[in-house]
Amino acid sequence: MKKLSARRRHPLAAVVVLLLALAATGGLYAAFAPAGKAQADETAQSLAIDEGKKLYSVGCASCHGAGGQGTTDGPSLVGVGSAAVDFQVATGRMPAQQPGAQVPKKKVIYNQAEIDQLAAYISSLGAGPITPTKSQVDPSGADVAKGGDLFRTNCAQCHNFTGEGGALTHGKYAPSLEGVSPKHIYEAMQTGPQSMPSFPDTTMPEQEKKDIIAYIKTVNGDNSASPGGLSLGGLGPVSEGLFGWIFGLGGLVAIAVWVAAHTAKAKKS
């Protein structure tokens, strides 16, 4: 009987063994940490939404409505997503100075933290395209040739062959893509700002967007060569034909006048 009682385990021994096993396998962290981390993330998101709502009330509500429902001066923002907010605000297009056919790019008045807060609030009004990550917009290793084909098929009609921009109807225009960050190019394809159509991932997958970004950055880069000589802004055959008509034909007329003035008949008279 003494031997059996000596071998009897303490009532807390099983609990200690279980805690040691959980700690060894990471189960103890998994049991407690995620809940705390999720709660912290939720709190941070709620704070961002609250701060974004304050910024929205000051800078956006007068045109887009107190709840983002839109007014006669601005469209509804319900469902536009964080990508649209980041593109419009981070390029200075919003807040707009005045209504017009086209809202131009201008100096940015919010810092990135404030833009993220605005995006958090507007995203809370309805789900929409999400701001891309660095890996999504990184054109490293992308197919530049394929990007050129995609760009000429889907974008060149408005932005011209090298992204120099061009005029549209009713006072609108396609802006130049030179100097535009890969993030904003990606967001523009996601959201279709102003007259531009949108290209969601179901229509144009992420890799194809990267290929287009790589093409734009290559043709507008400092090392890009122009085999034809003067590129004339890369605006295509219309500008090239106009240049040829004015300067080429003008040069021929000038040569004809010079020749006529130096003929033998002209000298006699």
# chains A, B, ... in the order shown; residues from 1 in each chain; ligands from 1
call {"tool": "select_by_dssp", "arguments": {"residues": "stretch 22-178 of chain A", "states": "alpha helix (DSSP H)", "output": "ChimeraX atom specification"}}
result
/A:22-25,27-59,61-64,81-90,112-124,134-137,144-154,156-159
call {"tool": "atom_distance", "arguments": {"atom1": "atom CA of A:Ser62", "atom2": "atom CA of A:Pro75"}}
result
11.5 Å
call {"tool": "residues_around", "arguments": {"residues": "stretch 91-105 of chain A", "least_positions_apart": "5", "cutoff": "12 Å", "atoms": "only C-alpha atoms", "output": "VMD selection string"}}
result
chain A and resid 55 to 64 72 to 75 84 to 86 110 to 112 115 118 167 to 177 179 to 181 183 to 185 187 to 188 193 to 196
call {"tool": "write_last_selection", "arguments": {"atoms": "N, CA and C atoms", "output": "compact mmCIF listing (two decimals), in the first residue's frame"}}
result
# COMPACT_ATOMS: atom_id res chain seq x y z
N LEU A 55 -12.04 63.48 -41.26
CA LEU A 55 -11.43 64.10 -42.43
C LEU A 55 -12.45 64.24 -43.56
N TYR A 56 -13.26 63.21 -43.72
CA TYR A 56 -14.29 63.21 -44.78
C TYR A 56 -15.29 64.33 -44.54
N SER A 57 -15.72 64.52 -43.30
CA SER A 57 -16.72 65.54 -42.99
C SER A 57 -16.23 66.93 -43.33
N VAL A 58 -14.92 67.15 -43.19
CA VAL A 58 -14.34 68.47 -43.47
C VAL A 58 -14.08 68.68 -44.96
N GLY A 59 -13.50 67.67 -45.60
CA GLY A 59 -13.01 67.88 -46.96
C GLY A 59 -13.82 67.28 -48.09
N CYS A 60 -14.81 66.41 -47.78
CA CYS A 60 -15.47 65.66 -48.85
C CYS A 60 -16.99 65.73 -48.81
N ALA A 61 -17.56 65.87 -47.60
CA ALA A 61 -19.00 65.74 -47.44
C ALA A 61 -19.80 66.80 -48.20
N SER A 62 -19.21 67.96 -48.41
CA SER A 62 -19.96 69.03 -49.08
C SER A 62 -20.34 68.65 -50.51
N CYS A 63 -19.55 67.81 -51.15
CA CYS A 63 -19.86 67.38 -52.52
C CYS A 63 -20.45 65.98 -52.57
N HIS A 64 -19.94 65.07 -51.72
CA HIS A 64 -20.34 63.66 -51.81
C HIS A 64 -21.41 63.26 -50.80
N THR A 72 -25.67 66.32 -56.19
CA THR A 72 -25.60 66.84 -57.56
C THR A 72 -24.20 67.33 -57.90
N ASP A 73 -23.37 67.57 -56.86
CA ASP A 73 -22.00 68.06 -57.10
C ASP A 73 -20.95 66.95 -57.08
N GLY A 74 -21.32 65.75 -56.66
CA GLY A 74 -20.34 64.67 -56.59
C GLY A 74 -21.02 63.31 -56.57
N PRO A 75 -20.40 62.29 -57.15
CA PRO A 75 -21.02 60.95 -57.21
C PRO A 75 -21.00 60.24 -55.86
N ALA A 84 -9.74 53.39 -55.13
CA ALA A 84 -10.20 54.63 -55.76
C ALA A 84 -9.85 55.83 -54.90
N VAL A 85 -10.00 55.69 -53.58
CA VAL A 85 -9.66 56.80 -52.68
C VAL A 85 -8.17 57.11 -52.76
N ASP A 86 -7.36 56.08 -52.71
CA ASP A 86 -5.91 56.29 -52.76
C ASP A 86 -5.50 56.96 -54.06
N TYR A 110 -3.17 65.93 -48.48
CA TYR A 110 -3.19 64.99 -47.36
C TYR A 110 -1.92 64.16 -47.37
N ASN A 111 -1.45 63.75 -46.19
CA ASN A 111 -0.33 62.81 -46.13
C ASN A 111 -0.87 61.38 -46.26
N GLN A 112 0.04 60.41 -46.40
CA GLN A 112 -0.39 59.04 -46.68
C GLN A 112 -1.21 58.45 -45.53
N ILE A 115 -4.65 59.73 -45.91
CA ILE A 115 -5.29 59.09 -47.07
C ILE A 115 -5.76 57.69 -46.70
N LEU A 118 -8.94 58.04 -44.67
CA LEU A 118 -10.08 58.31 -45.55
C LEU A 118 -10.52 57.05 -46.28
N ALA A 167 -6.21 64.24 -76.30
CA ALA A 167 -7.50 64.90 -76.12
C ALA A 167 -8.64 63.93 -76.36
N LEU A 168 -9.73 64.13 -75.60
CA LEU A 168 -10.96 63.38 -75.77
C LEU A 168 -12.08 64.37 -76.12
N THR A 169 -13.30 63.96 -76.03
CA THR A 169 -14.43 64.82 -76.38
C THR A 169 -14.92 65.63 -75.18
N HIS A 170 -15.63 66.74 -75.48
CA HIS A 170 -16.31 67.56 -74.47
C HIS A 170 -15.36 68.07 -73.37
N GLY A 171 -14.15 68.46 -73.77
CA GLY A 171 -13.21 69.04 -72.82
C GLY A 171 -12.47 68.04 -71.96
N LYS A 172 -12.66 66.77 -72.20
CA LYS A 172 -11.96 65.74 -71.42
C LYS A 172 -10.65 65.37 -72.11
N TYR A 173 -9.77 64.71 -71.37
CA TYR A 173 -8.50 64.30 -71.94
C TYR A 173 -7.95 63.10 -71.18
N ALA A 174 -7.11 62.34 -71.86
CA ALA A 174 -6.40 61.23 -71.22
C ALA A 174 -5.05 61.77 -70.77
N PRO A 175 -4.74 61.74 -69.48
CA PRO A 175 -3.50 62.35 -68.99
C PRO A 175 -2.27 61.57 -69.40
N SER A 176 -1.14 62.25 -69.37
CA SER A 176 0.14 61.59 -69.63
C SER A 176 0.44 60.61 -68.51
N LEU A 177 1.05 59.49 -68.84
CA LEU A 177 1.42 58.48 -67.85
C LEU A 177 2.89 58.57 -67.46
N GLY A 179 5.93 59.50 -65.46
CA GLY A 179 6.16 59.88 -64.07
C GLY A 179 5.10 59.39 -63.10
N VAL A 180 4.06 58.72 -63.57
CA VAL A 180 3.02 58.19 -62.69
C VAL A 180 3.55 56.92 -62.02
N SER A 181 3.33 56.79 -60.72
CA SER A 181 3.85 55.63 -59.98
C SER A 181 3.13 54.36 -60.40
N LYS A 183 1.91 52.11 -58.58
CA LYS A 183 0.74 51.92 -57.72
C LYS A 183 -0.48 52.64 -58.28
N HIS A 184 -0.29 53.88 -58.72
CA HIS A 184 -1.42 54.66 -59.23
C HIS A 184 -1.87 54.17 -60.61
N ILE A 185 -0.94 53.67 -61.42
CA ILE A 185 -1.33 53.08 -62.70
C ILE A 185 -2.19 51.85 -62.46
N GLU A 187 -3.97 51.17 -59.76
CA GLU A 187 -5.26 51.59 -59.20
C GLU A 187 -6.18 52.17 -60.27
N ALA A 188 -5.62 52.90 -61.23
CA ALA A 188 -6.43 53.44 -62.32
C ALA A 188 -7.04 52.31 -63.14
N PRO A 193 -10.94 55.63 -63.33
CA PRO A 193 -11.31 57.00 -62.96
C PRO A 193 -11.80 57.82 -64.15
N GLN A 194 -12.79 58.66 -63.89
CA GLN A 194 -13.33 59.61 -64.87
C GLN A 194 -13.75 58.90 -66.16
N SER A 195 -13.15 59.22 -67.31
CA SER A 195 -13.60 58.63 -68.57
C SER A 195 -12.99 57.25 -68.84
N MET A 196 -12.08 56.81 -68.00
CA MET A 196 -11.37 55.55 -68.25
C MET A 196 -12.22 54.35 -67.84
call {"tool": "atom_distance", "arguments": {"atom1": "atom CA of A:Asp50", "atom2": "atom CA of A:Asp116"}}
result
11.8 Å
call {"tool": "select_by_dssp", "arguments": {"residues": "stretch 32-222 of chain A", "states": "strand (DSSP E)", "output": "list of chain:residue names"}}
result
A:Gly166, A:Ala167, A:Tyr173, A:Ala174
call {"tool": "atom_distance", "arguments": {"atom1": "atom CA of A:Lys53", "atom2": "atom CA of A:Ile122"}}
result
8.1 Å
call {"tool": "closest_residue", "arguments": {"among": "A:Ala254, A:Ala44, A:Val219, A:Ala90", "to": "A:Glu114", "atoms": "only C-alpha atoms"}}
result
A:Ala90
call {"tool": "residues_around", "arguments": {"residues": "A:Ser76", "least_positions_apart": "3", "cutoff": "10 Å", "atoms": "only C-alpha atoms", "output": "compact mmCIF listing (two decimals) with C-alpha atoms, in the first residue's frame"}}
result
# COMPACT_ATOMS: atom_id res chain seq x y z
CA CYS A 63 -19.86 67.38 -52.52
CA HIS A 64 -20.34 63.66 -51.81
CA GLY A 65 -22.91 63.91 -49.02
CA GLY A 67 -22.84 59.58 -45.70
CA GLY A 68 -21.09 59.27 -49.06
CA GLN A 69 -24.41 58.82 -50.86
CA GLY A 70 -23.53 61.49 -53.44
CA THR A 71 -25.11 64.79 -54.41
CA THR A 72 -25.60 66.84 -57.56
CA GLY A 79 -18.58 50.71 -53.04
CA VAL A 80 -15.72 52.62 -54.72
call {"tool": "decode", "arguments": {"residues": "stretch 99-122 of chain A", "atoms": "N, CA, C and O atoms", "output": "PDB file, in the first residue's frame"}}
result
ATOM      1  N   PRO A  99     -15.989  72.059 -60.012  1.00  0.00           N
ATOM      2  CA  PRO A  99     -16.515  71.072 -60.957  1.00  0.00           C
ATOM      3  C   PRO A  99     -16.118  71.420 -62.386  1.00  0.00           C
ATOM      4  O   PRO A  99     -15.940  72.586 -62.731  1.00  0.00           O
ATOM      5  N   GLY A 100     -15.978  70.401 -63.203  1.00  0.00           N
ATOM      6  CA  GLY A 100     -15.614  70.627 -64.598  1.00  0.00           C
ATOM      7  C   GLY A 100     -15.633  69.322 -65.360  1.00  0.00           C
ATOM      8  O   GLY A 100     -15.937  68.258 -64.807  1.00  0.00           O
ATOM      9  N   ALA A 101     -15.317  69.404 -66.644  1.00  0.00           N
ATOM     10  CA  ALA A 101     -15.322  68.207 -67.485  1.00  0.00           C
ATOM     11  C   ALA A 101     -14.282  67.205 -67.029  1.00  0.00           C
ATOM     12  O   ALA A 101     -14.477  65.989 -67.130  1.00  0.00           O
ATOM     13  N   GLN A 102     -13.159  67.697 -66.506  1.00  0.00           N
ATOM     14  CA  GLN A 102     -12.062  66.822 -66.089  1.00  0.00           C
ATOM     15  C   GLN A 102     -11.447  67.391 -64.820  1.00  0.00           C
ATOM     16  O   GLN A 102     -11.206  68.596 -64.711  1.00  0.00           O
ATOM     17  N   VAL A 103     -11.207  66.522 -63.862  1.00  0.00           N
ATOM     18  CA  VAL A 103     -10.533  66.941 -62.626  1.00  0.00           C
ATOM     19  C   VAL A 103      -9.038  66.708 -62.810  1.00  0.00           C
ATOM     20  O   VAL A 103      -8.608  65.564 -62.950  1.00  0.00           O
ATOM     21  N   PRO A 104      -8.224  67.764 -62.834  1.00  0.00           N
ATOM     22  CA  PRO A 104      -6.797  67.592 -63.120  1.00  0.00           C
ATOM     23  C   PRO A 104      -5.994  67.130 -61.905  1.00  0.00           C
ATOM     24  O   PRO A 104      -6.425  67.287 -60.754  1.00  0.00           O
ATOM     25  N   LYS A 105      -4.845  66.590 -62.175  1.00  0.00           N
ATOM     26  CA  LYS A 105      -3.896  66.245 -61.122  1.00  0.00           C
ATOM     27  C   LYS A 105      -3.292  67.534 -60.567  1.00  0.00           C
ATOM     28  O   LYS A 105      -2.963  68.451 -61.312  1.00  0.00           O
ATOM     29  N   LYS A 106      -3.156  67.609 -59.248  1.00  0.00           N
ATOM     30  CA  LYS A 106      -2.591  68.810 -58.629  1.00  0.00           C
ATOM     31  C   LYS A 106      -1.864  68.435 -57.347  1.00  0.00           C
ATOM     32  O   LYS A 106      -1.728  67.247 -57.023  1.00  0.00           O
ATOM     33  N   LYS A 107      -1.428  69.431 -56.600  1.00  0.00           N
ATOM     34  CA  LYS A 107      -0.671  69.198 -55.383  1.00  0.00           C
ATOM     35  C   LYS A 107      -1.515  68.438 -54.363  1.00  0.00           C
ATOM     36  O   LYS A 107      -2.684  68.743 -54.140  1.00  0.00           O
ATOM     37  N   VAL A 108      -0.899  67.445 -53.734  1.00  0.00           N
ATOM     38  CA  VAL A 108      -1.586  66.620 -52.731  1.00  0.00           C
ATOM     39  C   VAL A 108      -1.652  67.384 -51.417  1.00  0.00           C
ATOM     40  O   VAL A 108      -0.655  67.960 -50.971  1.00  0.00           O
ATOM     41  N   ILE A 109      -2.819  67.388 -50.767  1.00  0.00           N
ATOM     42  CA  ILE A 109      -2.976  68.143 -49.518  1.00  0.00           C
ATOM     43  C   ILE A 109      -3.050  67.241 -48.286  1.00  0.00           C
ATOM     44  O   ILE A 109      -3.006  67.735 -47.160  1.00  0.00           O
ATOM     45  N   TYR A 110      -3.166  65.930 -48.479  1.00  0.00           N
ATOM     46  CA  TYR A 110      -3.190  64.985 -47.360  1.00  0.00           C
ATOM     47  C   TYR A 110      -1.916  64.157 -47.365  1.00  0.00           C
ATOM     48  O   TYR A 110      -1.363  63.845 -48.437  1.00  0.00           O
ATOM     49  N   ASN A 111      -1.447  63.746 -46.186  1.00  0.00           N
ATOM     50  CA  ASN A 111      -0.330  62.810 -46.132  1.00  0.00           C
ATOM     51  C   ASN A 111      -0.874  61.384 -46.264  1.00  0.00           C
ATOM     52  O   ASN A 111      -2.089  61.161 -46.223  1.00  0.00           O
ATOM     53  N   GLN A 112       0.044  60.410 -46.401  1.00  0.00           N
ATOM     54  CA  GLN A 112      -0.393  59.040 -46.680  1.00  0.00           C
ATOM     55  C   GLN A 112      -1.206  58.454 -45.535  1.00  0.00           C
ATOM     56  O   GLN A 112      -2.157  57.704 -45.753  1.00  0.00           O
ATOM     57  N   ALA A 113      -0.855  58.800 -44.302  1.00  0.00           N
ATOM     58  CA  ALA A 113      -1.622  58.281 -43.155  1.00  0.00           C
ATOM     59  C   ALA A 113      -3.061  58.776 -43.208  1.00  0.00           C
ATOM     60  O   ALA A 113      -4.013  58.010 -42.948  1.00  0.00           O
ATOM     61  N   GLU A 114      -3.255  60.037 -43.548  1.00  0.00           N
ATOM     62  CA  GLU A 114      -4.604  60.588 -43.648  1.00  0.00           C
ATOM     63  C   GLU A 114      -5.371  59.979 -44.819  1.00  0.00           C
ATOM     64  O   GLU A 114      -6.585  59.739 -44.729  1.00  0.00           O
ATOM     65  N   ILE A 115      -4.654  59.728 -45.914  1.00  0.00           N
ATOM     66  CA  ILE A 115      -5.290  59.090 -47.074  1.00  0.00           C
ATOM     67  C   ILE A 115      -5.763  57.687 -46.701  1.00  0.00           C
ATOM     68  O   ILE A 115      -6.866  57.262 -47.074  1.00  0.00           O
ATOM     69  N   ASP A 116      -4.937  56.957 -45.949  1.00  0.00           N
ATOM     70  CA  ASP A 116      -5.324  55.609 -45.507  1.00  0.00           C
ATOM     71  C   ASP A 116      -6.546  55.668 -44.595  1.00  0.00           C
ATOM     72  O   ASP A 116      -7.412  54.783 -44.642  1.00  0.00           O
ATOM     73  N   GLN A 117      -6.634  56.689 -43.757  1.00  0.00           N
ATOM     74  CA  GLN A 117      -7.796  56.842 -42.876  1.00  0.00           C
ATOM     75  C   GLN A 117      -9.059  57.154 -43.685  1.00  0.00           C
ATOM     76  O   GLN A 117     -10.132  56.591 -43.424  1.00  0.00           O
ATOM     77  N   LEU A 118      -8.937  58.036 -44.667  1.00  0.00           N
ATOM     78  CA  LEU A 118     -10.075  58.315 -45.545  1.00  0.00           C
ATOM     79  C   LEU A 118     -10.520  57.049 -46.275  1.00  0.00           C
ATOM     80  O   LEU A 118     -11.719  56.774 -46.402  1.00  0.00           O
ATOM     81  N   ALA A 119      -9.539  56.286 -46.758  1.00  0.00           N
ATOM     82  CA  ALA A 119      -9.845  55.041 -47.473  1.00  0.00           C
ATOM     83  C   ALA A 119     -10.542  54.047 -46.560  1.00  0.00           C
ATOM     84  O   ALA A 119     -11.459  53.333 -46.983  1.00  0.00           O
ATOM     85  N   ALA A 120     -10.109  53.992 -45.283  1.00  0.00           N
ATOM     86  CA  ALA A 120     -10.730  53.069 -44.329  1.00  0.00           C
ATOM     87  C   ALA A 120     -12.196  53.441 -44.109  1.00  0.00           C
ATOM     88  O   ALA A 120     -13.079  52.560 -44.069  1.00  0.00           O
ATOM     89  N   TYR A 121     -12.472  54.741 -43.961  1.00  0.00           N
ATOM     90  CA  TYR A 121     -13.858  55.162 -43.742  1.00  0.00           C
ATOM     91  C   TYR A 121     -14.729  54.885 -44.962  1.00  0.00           C
ATOM     92  O   TYR A 121     -15.823  54.319 -44.851  1.00  0.00           O
ATOM     93  N   ILE A 122     -14.256  55.274 -46.137  1.00  0.00           N
ATOM     94  CA  ILE A 122     -15.071  55.092 -47.346  1.00  0.00           C
ATOM     95  C   ILE A 122     -15.251  53.604 -47.664  1.00  0.00           C
ATOM     96  O   ILE A 122     -16.299  53.180 -48.145  1.00  0.00           O
TER      97      ILE A 122
END
